[in-house]
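Colleague: What follows is coords-v5.cif; its format and atoms are mmCIF, C-alpha atoms.
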```cif
data_protein
loop_
_atom_site.group_PDB
_atom_site.id
_atom_site.type_symbol
_atom_site.label_atom_id
_atom_site.label_comp_id
_atom_site.auth_asym_id
_atom_site.auth_seq_id
_atom_site.Cartn_x
_atom_site.Cartn_y
_atom_site.Cartn_z
ATOM 1 C CA MET A 1 -46.007 24.010 19.514
ATOM 2 C CA THR A 2 -47.991 20.868 20.265
ATOM 3 C CA ARG A 3 -46.539 17.387 19.912
ATOM 4 C CA PRO A 4 -48.520 16.516 16.753
ATOM 5 C CA GLU A 5 -47.295 19.766 15.216
ATOM 6 C CA ARG A 6 -43.713 18.868 16.079
ATOM 7 C CA LYS A 7 -44.191 15.502 14.403
ATOM 8 C CA ARG A 8 -45.487 17.135 11.258
ATOM 9 C CA ARG A 9 -42.636 19.591 11.187
ATOM 10 C CA ARG A 10 -39.679 18.281 9.193
ATOM 11 C CA ILE A 11 -36.420 19.761 8.108
ATOM 12 C CA GLN A 12 -36.573 20.389 4.372
ATOM 13 C CA ILE A 13 -33.233 19.704 2.731
ATOM 14 C CA PRO A 14 -32.747 21.807 -0.424
ATOM 15 C CA ALA A 15 -32.790 19.833 -3.665
ATOM 16 C CA LEU A 16 -29.269 20.985 -4.533
ATOM 17 C CA GLY A 17 -27.908 19.774 -1.206
ATOM 18 C CA VAL A 18 -29.532 16.371 -1.638
ATOM 19 C CA ARG A 19 -28.091 15.981 -5.126
ATOM 20 C CA LEU A 20 -24.595 16.952 -3.990
ATOM 21 C CA LEU A 21 -24.731 14.630 -0.977
ATOM 22 C CA THR A 22 -25.799 11.719 -3.172
ATOM 23 C CA LEU A 23 -22.974 12.436 -5.617
ATOM 24 C CA ALA A 24 -20.455 12.654 -2.770
ATOM 25 C CA LEU A 25 -21.425 9.144 -1.677
ATOM 26 C CA VAL A 26 -21.881 7.439 -5.040
ATOM 27 C CA VAL A 27 -19.068 8.910 -7.164
ATOM 28 C CA PRO A 28 -16.117 7.649 -5.028
ATOM 29 C CA LEU A 29 -17.672 4.175 -4.951
ATOM 30 C CA TYR A 30 -18.103 3.981 -8.702
ATOM 31 C CA MET A 31 -14.644 5.458 -9.331
ATOM 32 C CA SER A 32 -13.040 2.723 -7.221
ATOM 33 C CA LEU A 33 -15.031 0.071 -9.098
ATOM 34 C CA ILE A 34 -13.943 1.539 -12.454
ATOM 35 C CA TRP A 35 -10.354 1.455 -11.231
ATOM 36 C CA MET A 36 -10.624 -2.250 -10.337
ATOM 37 C CA GLY A 37 -12.244 -3.131 -13.650
ATOM 38 C CA ASP A 38 -12.391 -6.695 -14.998
ATOM 39 C CA LEU A 39 -14.857 -9.081 -13.325
ATOM 40 C CA ILE A 40 -15.763 -6.607 -10.615
ATOM 41 C CA TRP A 41 -16.693 -3.978 -13.200
ATOM 42 C CA VAL A 42 -18.654 -6.540 -15.232
ATOM 43 C CA ALA A 43 -20.703 -7.367 -12.134
ATOM 44 C CA VAL A 44 -21.349 -3.662 -11.507
ATOM 45 C CA VAL A 45 -22.532 -3.111 -15.085
ATOM 46 C CA VAL A 46 -24.767 -6.193 -14.971
ATOM 47 C CA TRP A 47 -26.335 -5.039 -11.690
ATOM 48 C CA SER A 48 -26.833 -1.466 -12.943
ATOM 49 C CA ALA A 49 -28.339 -2.585 -16.256
ATOM 50 C CA MET A 50 -30.684 -5.101 -14.659
ATOM 51 C CA LEU A 51 -31.890 -2.529 -12.133
ATOM 52 C CA ALA A 52 -32.436 0.069 -14.870
ATOM 53 C CA CYS A 53 -34.216 -2.532 -16.988
ATOM 54 C CA TYR A 54 -36.420 -3.483 -14.030
ATOM 55 C CA GLU A 55 -37.387 0.167 -13.598
ATOM 56 C CA TYR A 56 -38.069 0.401 -17.327
ATOM 57 C CA PHE A 57 -40.406 -2.591 -17.161
ATOM 58 C CA GLY A 58 -42.107 -0.909 -14.205
ATOM 59 C CA LEU A 59 -42.753 2.143 -16.376
ATOM 60 C CA CYS A 60 -44.149 -0.135 -19.075
ATOM 61 C CA ARG A 61 -46.562 -1.806 -16.672
ATOM 62 C CA GLN A 62 -47.557 1.573 -15.257
ATOM 63 C CA GLY A 63 -48.488 2.634 -18.790
ATOM 64 C CA GLY A 64 -50.514 -0.515 -19.363
ATOM 65 C CA TYR A 65 -47.924 -2.350 -21.457
ATOM 66 C CA PRO A 66 -47.470 -6.017 -20.441
ATOM 67 C CA THR A 67 -43.944 -7.392 -20.064
ATOM 68 C CA ASN A 68 -42.182 -10.652 -19.379
ATOM 69 C CA HIS A 69 -39.831 -8.953 -16.961
ATOM 70 C CA LYS A 70 -38.132 -12.087 -15.629
ATOM 71 C CA PHE A 71 -36.943 -13.208 -19.044
ATOM 72 C CA GLY A 72 -36.126 -9.615 -19.971
ATOM 73 C CA LEU A 73 -33.812 -9.221 -16.982
ATOM 74 C CA LEU A 74 -32.133 -12.567 -17.675
ATOM 75 C CA TRP A 75 -31.576 -11.674 -21.319
ATOM 76 C CA CYS A 76 -30.148 -8.298 -20.318
ATOM 77 C CA ALA A 77 -27.595 -9.979 -18.029
ATOM 78 C CA VAL A 78 -26.616 -12.566 -20.681
ATOM 79 C CA LEU A 79 -26.040 -9.829 -23.273
ATOM 80 C CA ILE A 80 -23.685 -7.908 -20.991
ATOM 81 C CA ILE A 81 -21.776 -11.033 -19.975
ATOM 82 C CA ARG A 82 -21.324 -11.856 -23.666
ATOM 83 C CA PHE A 83 -20.032 -8.312 -24.275
ATOM 84 C CA SER A 84 -17.399 -8.945 -21.606
ATOM 85 C CA GLY A 85 -15.760 -11.596 -23.797
ATOM 86 C CA ALA A 86 -17.246 -14.626 -22.067
ATOM 87 C CA PHE A 87 -18.566 -17.379 -24.330
ATOM 88 C CA SER A 88 -16.465 -15.902 -27.136
ATOM 89 C CA GLY A 89 -17.215 -18.965 -29.255
ATOM 90 C CA VAL A 90 -20.883 -17.952 -29.390
ATOM 91 C CA PRO A 91 -21.500 -15.034 -31.802
ATOM 92 C CA LEU A 92 -23.277 -12.066 -30.266
ATOM 93 C CA SER A 93 -25.787 -12.138 -33.121
ATOM 94 C CA LEU A 94 -26.773 -15.655 -32.043
ATOM 95 C CA VAL A 95 -27.385 -14.487 -28.461
ATOM 96 C CA ILE A 96 -29.650 -11.734 -29.784
ATOM 97 C CA THR A 97 -31.440 -14.047 -32.238
ATOM 98 C CA TRP A 98 -32.194 -16.779 -29.718
ATOM 99 C CA GLY A 99 -33.302 -14.188 -27.191
ATOM 100 C CA MET A 100 -35.798 -12.840 -29.694
ATOM 101 C CA ILE A 101 -37.055 -16.319 -30.569
ATOM 102 C CA VAL A 102 -37.461 -17.531 -26.982
ATOM 103 C CA LEU A 103 -39.130 -14.294 -25.977
ATOM 104 C CA LEU A 104 -41.551 -14.439 -28.901
ATOM 105 C CA ALA A 105 -42.374 -18.089 -28.177
ATOM 106 C CA SER A 106 -43.122 -17.293 -24.530
ATOM 107 C CA ALA A 107 -45.171 -14.219 -25.493
ATOM 108 C CA LEU A 108 -47.463 -16.383 -27.646
ATOM 109 C CA PHE A 109 -48.871 -17.885 -24.448
ATOM 110 C CA SER A 110 -49.749 -14.472 -23.070
ATOM 111 C CA ARG A 111 -53.483 -14.090 -22.592
ATOM 112 C CA ARG A 112 -53.481 -10.593 -24.001
ATOM 113 C CA THR A 113 -51.479 -8.770 -26.675
ATOM 114 C CA PRO A 114 -48.689 -11.339 -27.212
ATOM 115 C CA PHE A 115 -46.857 -9.228 -29.781
ATOM 116 C CA LEU A 116 -47.036 -6.141 -27.566
ATOM 117 C CA THR A 117 -45.557 -8.202 -24.733
ATOM 118 C CA TRP A 118 -42.776 -9.314 -27.056
ATOM 119 C CA LEU A 119 -41.988 -5.797 -28.276
ATOM 120 C CA THR A 120 -42.033 -4.074 -24.886
ATOM 121 C CA THR A 121 -39.952 -6.806 -23.249
ATOM 122 C CA ALA A 122 -37.397 -6.899 -26.060
ATOM 123 C CA SER A 123 -36.979 -3.124 -26.039
ATOM 124 C CA GLY A 124 -35.517 -3.215 -22.529
ATOM 125 C CA PRO A 125 -32.512 -5.521 -23.093
ATOM 126 C CA MET A 126 -31.976 -4.334 -26.659
ATOM 127 C CA TYR A 127 -31.832 -0.667 -25.632
ATOM 128 C CA ILE A 128 -30.612 -0.571 -22.056
ATOM 129 C CA GLY A 129 -28.657 -3.844 -22.094
ATOM 130 C CA THR A 130 -26.700 -3.371 -25.319
ATOM 131 C CA CYS A 131 -25.924 0.316 -24.764
ATOM 132 C CA LEU A 132 -24.805 -0.061 -21.168
ATOM 133 C CA ALA A 133 -22.914 -3.266 -22.010
ATOM 134 C CA LEU A 134 -20.414 -1.140 -23.966
ATOM 135 C CA LEU A 135 -19.027 0.040 -20.620
ATOM 136 C CA VAL A 136 -17.394 -3.381 -20.325
ATOM 137 C CA PRO A 137 -15.312 -3.467 -23.557
ATOM 138 C CA ILE A 138 -14.445 0.208 -23.061
ATOM 139 C CA ARG A 139 -12.746 -0.726 -19.772
ATOM 140 C CA GLN A 140 -10.896 -3.596 -21.460
ATOM 141 C CA VAL A 141 -9.015 -1.543 -24.065
ATOM 142 C CA ASP A 142 -5.753 0.330 -23.625
ATOM 143 C CA SER A 143 -6.391 3.471 -21.583
ATOM 144 C CA GLY A 144 -9.668 1.832 -20.569
ATOM 145 C CA PHE A 145 -9.666 3.474 -17.151
ATOM 146 C CA TRP A 146 -9.317 6.969 -18.585
ATOM 147 C CA TRP A 147 -11.831 6.330 -21.363
ATOM 148 C CA LEU A 148 -14.447 5.415 -18.766
ATOM 149 C CA VAL A 149 -13.555 8.382 -16.594
ATOM 150 C CA LEU A 150 -13.893 10.643 -19.640
ATOM 151 C CA LEU A 151 -17.242 9.101 -20.559
ATOM 152 C CA MET A 152 -18.869 9.101 -17.137
ATOM 153 C CA TRP A 153 -17.525 12.344 -15.682
ATOM 154 C CA THR A 154 -18.187 14.334 -18.841
ATOM 155 C CA THR A 155 -21.696 12.906 -19.145
ATOM 156 C CA TYR A 156 -22.597 13.676 -15.543
ATOM 157 C CA MET A 157 -20.952 17.098 -15.538
ATOM 158 C CA ALA A 158 -22.928 17.985 -18.668
ATOM 159 C CA ASP A 159 -26.113 16.835 -16.920
ATOM 160 C CA SER A 160 -25.202 18.865 -13.836
ATOM 161 C CA GLY A 161 -24.409 21.911 -15.952
ATOM 162 C CA ALA A 162 -27.781 21.648 -17.653
ATOM 163 C CA TYR A 163 -29.520 21.314 -14.275
ATOM 164 C CA PHE A 164 -27.759 24.196 -12.520
ATOM 165 C CA VAL A 165 -27.740 26.676 -15.398
ATOM 166 C CA GLY A 166 -31.300 25.791 -16.368
ATOM 167 C CA SER A 167 -32.499 26.171 -12.776
ATOM 168 C CA LEU A 168 -30.851 29.572 -12.345
ATOM 169 C CA TRP A 169 -31.252 31.212 -15.750
ATOM 170 C CA GLY A 170 -33.517 28.975 -17.804
ATOM 171 C CA ARG A 171 -36.129 31.053 -19.605
ATOM 172 C CA HIS A 172 -36.528 29.604 -23.091
ATOM 173 C CA LYS A 173 -38.002 26.097 -23.134
ATOM 174 C CA LEU A 174 -36.103 23.484 -25.092
ATOM 175 C CA ALA A 175 -38.846 20.879 -25.498
ATOM 176 C CA PRO A 176 -41.852 21.860 -23.352
ATOM 177 C CA GLU A 177 -44.017 19.059 -24.695
ATOM 178 C CA ILE A 178 -41.435 16.487 -23.538
ATOM 179 C CA SER A 179 -39.695 17.976 -20.495
ATOM 180 C CA PRO A 180 -41.047 21.346 -19.294
ATOM 181 C CA ARG A 181 -38.011 22.071 -17.121
ATOM 182 C CA LYS A 182 -35.380 21.774 -19.844
ATOM 183 C CA SER A 183 -34.277 25.025 -21.444
ATOM 184 C CA TRP A 184 -31.925 26.260 -24.123
ATOM 185 C CA GLU A 185 -29.903 27.960 -21.391
ATOM 186 C CA GLY A 186 -29.562 24.570 -19.699
ATOM 187 C CA LEU A 187 -28.342 23.038 -22.949
ATOM 188 C CA GLY A 188 -25.720 25.768 -23.152
ATOM 189 C CA GLY A 189 -24.640 24.941 -19.615
ATOM 190 C CA ALA A 190 -24.342 21.274 -20.565
ATOM 191 C CA LEU A 191 -22.142 22.118 -23.555
ATOM 192 C CA VAL A 192 -19.825 24.358 -21.504
ATOM 193 C CA PHE A 193 -19.537 22.068 -18.468
ATOM 194 C CA GLY A 194 -19.162 18.924 -20.581
ATOM 195 C CA SER A 195 -16.535 20.376 -22.915
ATOM 196 C CA LEU A 196 -14.436 21.793 -20.069
ATOM 197 C CA MET A 197 -14.617 18.553 -18.077
ATOM 198 C CA ALA A 198 -13.497 16.515 -21.093
ATOM 199 C CA MET A 199 -10.478 18.776 -21.566
ATOM 200 C CA ILE A 200 -9.588 18.497 -17.873
ATOM 201 C CA ILE A 201 -9.750 14.701 -17.989
ATOM 202 C CA VAL A 202 -7.579 14.543 -21.121
ATOM 203 C CA LEU A 203 -5.037 16.749 -19.347
ATOM 204 C CA LEU A 204 -5.156 14.620 -16.197
ATOM 205 C CA SER A 205 -4.644 11.420 -18.167
ATOM 206 C CA GLN A 206 -1.479 12.850 -19.726
ATOM 207 C CA HIS A 207 -0.171 14.288 -16.452
ATOM 208 C CA PRO A 208 -1.730 11.984 -13.844
ATOM 209 C CA GLY A 209 0.752 12.676 -11.042
ATOM 210 C CA TRP A 210 -0.401 10.791 -7.962
ATOM 211 C CA LEU A 211 -3.125 9.167 -10.071
ATOM 212 C CA SER A 212 -0.498 6.857 -11.601
ATOM 213 C CA ILE A 213 -1.787 4.119 -9.334
ATOM 214 C CA PRO A 214 -0.422 1.049 -11.175
ATOM 215 C CA GLN A 215 3.138 2.236 -10.529
ATOM 216 C CA THR A 216 2.577 1.964 -6.774
ATOM 217 C CA LEU A 217 0.555 -1.235 -6.766
ATOM 218 C CA PRO A 218 3.478 -3.554 -5.812
ATOM 219 C CA ASP A 219 3.674 -1.687 -2.490
ATOM 220 C CA TRP A 220 0.109 -2.720 -1.625
ATOM 221 C CA PRO A 221 -0.046 -6.167 0.021
ATOM 222 C CA ILE A 222 -3.585 -6.964 -1.115
ATOM 223 C CA VAL A 223 -2.816 -6.611 -4.833
ATOM 224 C CA ARG A 224 -0.034 -9.169 -4.621
ATOM 225 C CA THR A 225 -2.544 -11.941 -4.055
ATOM 226 C CA ASP A 226 -3.614 -14.019 -7.056
ATOM 227 C CA TRP A 227 -7.321 -13.938 -6.226
ATOM 228 C CA PHE A 228 -7.402 -10.129 -6.261
ATOM 229 C CA ARG A 229 -5.561 -9.821 -9.546
ATOM 230 C CA SER A 230 -7.835 -12.445 -11.093
ATOM 231 C CA LEU A 231 -10.836 -10.250 -10.276
ATOM 232 C CA THR A 232 -9.377 -6.919 -11.355
ATOM 233 C CA SER A 233 -7.572 -5.473 -14.366
ATOM 234 C CA LEU A 234 -4.695 -3.658 -12.743
ATOM 235 C CA GLU A 235 -2.194 -3.912 -15.578
ATOM 236 C CA ALA A 236 -0.520 -0.626 -16.493
ATOM 237 C CA GLN A 237 -1.827 -0.731 -20.089
ATOM 238 C CA TYR A 238 -5.362 -0.021 -18.901
ATOM 239 C CA PHE A 239 -4.164 3.226 -17.330
ATOM 240 C CA LYS A 240 -2.342 4.631 -20.366
ATOM 241 C CA PRO A 241 -3.085 8.274 -21.245
ATOM 242 C CA LEU A 242 -5.912 9.056 -23.615
ATOM 243 C CA PRO A 243 -4.704 9.103 -27.256
ATOM 244 C CA ILE A 244 -6.334 12.474 -27.980
ATOM 245 C CA ASN A 245 -5.234 16.076 -27.448
ATOM 246 C CA LEU A 246 -7.024 18.878 -25.647
ATOM 247 C CA TRP A 247 -8.826 20.172 -28.726
ATOM 248 C CA ALA A 248 -10.070 16.708 -29.589
ATOM 249 C CA GLY A 249 -11.185 16.391 -25.969
ATOM 250 C CA LEU A 250 -13.129 19.637 -26.380
ATOM 251 C CA GLY A 251 -14.931 18.195 -29.395
ATOM 252 C CA VAL A 252 -15.635 14.889 -27.643
ATOM 253 C CA GLY A 253 -17.012 16.734 -24.635
ATOM 254 C CA PHE A 254 -19.273 18.790 -26.887
ATOM 255 C CA LEU A 255 -20.665 15.652 -28.558
ATOM 256 C CA ILE A 256 -21.123 13.889 -25.207
ATOM 257 C CA ALA A 257 -23.106 16.867 -23.918
ATOM 258 C CA VAL A 258 -25.390 16.896 -26.964
ATOM 259 C CA LEU A 259 -25.996 13.143 -27.007
ATOM 260 C CA GLY A 260 -26.430 13.062 -23.235
ATOM 261 C CA GLN A 261 -29.244 15.592 -23.424
ATOM 262 C CA LEU A 262 -30.882 13.570 -26.205
ATOM 263 C CA GLY A 263 -30.662 10.437 -24.062
ATOM 264 C CA ASP A 264 -32.228 12.281 -21.154
ATOM 265 C CA LEU A 265 -35.062 13.538 -23.356
ATOM 266 C CA THR A 266 -35.681 10.037 -24.713
ATOM 267 C CA ILE A 267 -36.436 8.632 -21.268
ATOM 268 C CA SER A 268 -38.381 11.799 -20.403
ATOM 269 C CA VAL A 269 -40.701 11.088 -23.342
ATOM 270 C CA TRP A 270 -41.458 7.631 -21.971
ATOM 271 C CA LYS A 271 -41.927 8.820 -18.376
ATOM 272 C CA ARG A 272 -44.239 11.595 -19.537
ATOM 273 C CA HIS A 273 -46.189 9.098 -21.630
ATOM 274 C CA VAL A 274 -46.875 6.827 -18.647
ATOM 275 C CA GLY A 275 -47.451 9.750 -16.285
ATOM 276 C CA THR A 276 -44.540 9.643 -13.827
ATOM 277 C CA LYS A 277 -41.647 11.937 -12.896
ATOM 278 C CA ASP A 278 -38.911 9.473 -11.890
ATOM 279 C CA SER A 279 -38.248 5.855 -12.762
ATOM 280 C CA GLY A 280 -37.376 5.003 -9.158
ATOM 281 C CA THR A 281 -36.081 6.257 -5.813
ATOM 282 C CA LEU A 282 -32.669 4.571 -5.558
ATOM 283 C CA PHE A 283 -30.657 7.817 -5.566
ATOM 284 C CA ARG A 284 -32.262 10.490 -3.421
ATOM 285 C CA GLY A 285 -32.567 13.718 -5.368
ATOM 286 C CA HIS A 286 -31.677 11.956 -8.624
ATOM 287 C CA GLY A 287 -34.435 9.371 -9.080
ATOM 288 C CA GLY A 288 -33.814 5.756 -10.002
ATOM 289 C CA MET A 289 -31.012 3.959 -11.816
ATOM 290 C CA LEU A 290 -32.649 4.562 -15.189
ATOM 291 C CA ASP A 291 -32.761 8.287 -14.443
ATOM 292 C CA ARG A 292 -29.023 8.208 -13.789
ATOM 293 C CA ILE A 293 -27.912 6.210 -16.819
ATOM 294 C CA ASP A 294 -30.318 7.590 -19.431
ATOM 295 C CA SER A 295 -27.606 9.881 -20.823
ATOM 296 C CA LEU A 296 -24.990 7.102 -20.781
ATOM 297 C CA LEU A 297 -27.213 5.048 -23.085
ATOM 298 C CA PHE A 298 -26.444 7.594 -25.825
ATOM 299 C CA THR A 299 -22.886 8.586 -24.898
ATOM 300 C CA SER A 300 -21.344 5.126 -24.372
ATOM 301 C CA PRO A 301 -21.818 4.135 -28.068
ATOM 302 C CA LEU A 302 -20.103 7.413 -29.010
ATOM 303 C CA ILE A 303 -17.000 6.669 -26.933
ATOM 304 C CA TYR A 304 -16.813 3.046 -28.054
ATOM 305 C CA SER A 305 -17.123 4.119 -31.706
ATOM 306 C CA LEU A 306 -14.311 6.632 -31.150
ATOM 307 C CA ILE A 307 -12.142 3.894 -29.623
ATOM 308 C CA LEU A 308 -12.719 1.644 -32.632
ATOM 309 C CA ILE A 309 -11.747 4.496 -34.970
ATOM 310 C CA LEU A 310 -8.527 5.179 -33.068
ATOM 311 C CA LEU A 311 -7.475 1.531 -32.685
#
```
Give the structure from the file, written as structure tokens.
Modeller:
Amino acid sequence: MTRPERKRRRIQIPALGVRLLTLALVVPLYMSLIWMGDLIWVAVVVWSAMLACYEYFGLCRQGGYPTNHKFGLLWCAVLIIRFSGAFSGVPLSLVITWGMIVLLASALFSRRTPFLTWLTTASGPMYIGTCLALLVPIRQVDSGFWWLVLLMWTTYMADSGAYFVGSLWGRHKLAPEISPRKSWEGLGGALVFGSLMAMIIVLLSQHPGWLSIPQTLPDWPIVRTDWFRSLTSLEAQYFKPLPINLWAGLGVGFLIAVLGQLGDLTISVWKRHVGTKDSGTLFRGHGGMLDRIDSLLFTSPLIYSLILILL
């Protein structure tokens, strides 16, 4: 084999292996950040939402839709910070109203399609920002840690179930005009994997064992410092068990799986419209941030609504 041929020859890593490796690196990091909560978690949500919104604006520009991406990203961050409880004296409706007004006023100076610029820019913060912002108040309620674990793990396990089952046994197309790879068999896999994962998490929250971290926190020197506690929500109330039983967890997991697939299809419609496969390349084997949180945009309102019902 000649040297140029050796250069062209590359080891092809299977798609499944890439996906699993990415999950093995990302999941522990995000779990630790969920555990810390408070200001650290707010910063994570702001960063994730702004990155997803940036990718969304990139899709818009790729499809020929003008955007005011700088203001859109700023507005997205302000919305999430307001959801965290900051500036509590300012009503959330006022933040949304003034954002709309300022954005419309700036769009009027656009040389082409000012109203299209306004609509496409506003859709990013109003969809991605407000939906993902719910991850902040979810963490702030009693059992907030377990609610987020239920939301994120069930959502991603449902996505994984749809991917694996659909890849192995998918024969009947679910929505070929939107996403050719999605199948009814994959949807069944999402329902089974999501429902079982939700039940497991409910059981773990009620019998956490070594996961009862707050009980051991006084033994950790770093958590005794004021600066660390001011940045994290490590009070025991945020780690209380989920106030639902296994059968309710089964139902919640089923709904998360259904809504997660709808969220995935929603972004797939937009990506297909602009002629691209992934929104970005941040997570190898998974696409960009928007590709990773598209299901959460539908499932986080479900969990927050459930919390409000149970409060």
Colleague: Assuming the chain letters and numbering stay as they are in my file, what does the PyMOL selection byres ((chain A and resi 47-52) around 10) actually select? List them as a PyMOL selection string.
Modeller: chain A and resi 41-46+53-58+72-77+80+124-125+128-133+279-280+282+288-294
Colleague: Kindly indicate which residue among A:Pro180, A:Gly186, A:Pro241, A:Gly253 lies nearest to Arg272 of chain A, using only C-alpha atoms for the distances.
Modeller: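 Counting only C-alpha atoms, the residue closest to Arg272 of chain A is A:Pro180.
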Colleague: Choose the residue, out of A:Thr154, A:Ser143, A:Ser88, A:Ser110, that has the smallest atom-to-atom separation from Ser205 of chain A; count only C-alpha atoms.
Modeller: A:Ser143
Colleague: Enter the distance from atom CA of Pro301 of chain A to atom CA of Ile138 of chain A, in Å, rounded to one decimal.
Modeller: 9.7 Å
Colleague: If the PyMOL selection byres ((chain A and resi 240) around 12) were run on this exact file, what residues would it hold? Put them as a ChimeraX atom specification.
Modeller: /A:139-147,202,204-208,211-215,234-239,241-244
Colleague: From the set A:Val192, A:Val149, A:Leu168, A:Ala257, which residue has the shortest atom-to-atom contact distance to Trp35 of chain A, counting only C-alpha atoms?
Modeller: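 For Trp35 of chain A, the nearest of the given residues is A:Val149.
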Colleague: Counting only C-alpha atoms, which residue out of A:Ser179, A:Thr67, A:Ser230, A:Ser106 sits closest to Met36 of chain A?
Modeller: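 Of the candidates, the smallest distance to Met36 of chain A is held by A:Ser230.
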Colleague: Ranking A:Ile40, A:Leu250, A:Leu33, A:Ile178 by minimum distance to Leu231 of chain A and counting all atoms listed in the file, which one comes first?
Modeller: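 Smallest separation from Leu231 of chain A among the options: A:Ile40.
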Colleague: Grab the atom CA of Phe109 of chain A to atom CA of Val78 of chain A distance for me, in Å with one decimal place.
Modeller: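 Spanning atom CA of Phe109 of chain A to atom CA of Val78 of chain A is a straight-line distance of 23.2 Å.
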Colleague: Env of Leu119 of chain A: 10 Å cut, atoms = all atoms listed in the file, seq-sep filter 6 positions within chain, self excluded. Answer as a list in words.
Modeller: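 With the cut-off at 10 Å, the set is Tyr65, Pro66, Thr67, Met100, Leu103, Leu104 and Ala107 of chain A.
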Colleague: From the set A:Pro91, A:Gly99, A:Leu135, A:Trp153, which residue has the shortest atom-to-atom contact distance to Pro28 of chain A, counting all atoms listed in the file?
Modeller: A:Trp153
Colleague: Evaluate the PyMOL selection byres ((chain A and resi 191) around 8) and record the selected residues as a list in words, following the chain and residue labels used in the document.
Modeller: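 Listing what the PyMOL selection byres ((chain A and resi 191) around 8) selects in the shown file: Ala158, Gly161, Leu187, Gly188, Gly189, Ala190, Val192, Phe193, Gly194, Ser195, Gly253, Phe254, Ala257 and Val258 of chain A.
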Colleague: Please provide as a short mmCIF file (atom, residue, chain, number, x, y, z; two decimals) with C-alpha atoms, keeping the file's coordinate frame all residues within 9 Å of Gly275 of chain A, with the sequence filter that same-chain residues fewer than 3 positions apart are discarded (counting only C-alpha atoms).
Modeller:
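Contents of the output file out-v7.cif:
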```cif
data_model
loop_
_atom_site.label_atom_id
_atom_site.label_comp_id
_atom_site.auth_asym_id
_atom_site.auth_seq_id
_atom_site.Cartn_x
_atom_site.Cartn_y
_atom_site.Cartn_z
CA LEU A 59 -42.75 2.14 -16.38
CA GLN A 62 -47.56 1.57 -15.26
CA GLY A 63 -48.49 2.63 -18.79
CA TRP A 270 -41.46 7.63 -21.97
CA LYS A 271 -41.93 8.82 -18.38
CA ARG A 272 -44.24 11.60 -19.54
#
```
Colleague: Quick one: everything within 8 Å of Thr299 of chain A, counting all atoms listed in the file, minus sequence neighbours fewer than 2 positions away in the same chain. Send it as an mmCIF file with C-alpha atoms, keeping the file's coordinate frame.
Modeller:
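This went into selection10.cif:
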```
data_model
loop_
_atom_site.group_PDB
_atom_site.id
_atom_site.type_symbol
_atom_site.label_atom_id
_atom_site.label_comp_id
_atom_site.auth_asym_id
_atom_site.auth_seq_id
_atom_site.Cartn_x
_atom_site.Cartn_y
_atom_site.Cartn_z
ATOM 1 C CA LEU A 151 -17.242 9.101 -20.559
ATOM 2 C CA THR A 155 -21.696 12.906 -19.145
ATOM 3 C CA ILE A 256 -21.123 13.889 -25.207
ATOM 4 C CA LEU A 259 -25.996 13.143 -27.007
ATOM 5 C CA GLY A 260 -26.430 13.062 -23.235
ATOM 6 C CA SER A 295 -27.606 9.881 -20.823
ATOM 7 C CA LEU A 296 -24.990 7.102 -20.781
ATOM 8 C CA LEU A 297 -27.213 5.048 -23.085
ATOM 9 C CA PRO A 301 -21.818 4.135 -28.068
ATOM 10 C CA LEU A 302 -20.103 7.413 -29.010
ATOM 11 C CA ILE A 303 -17.000 6.669 -26.933
#
```
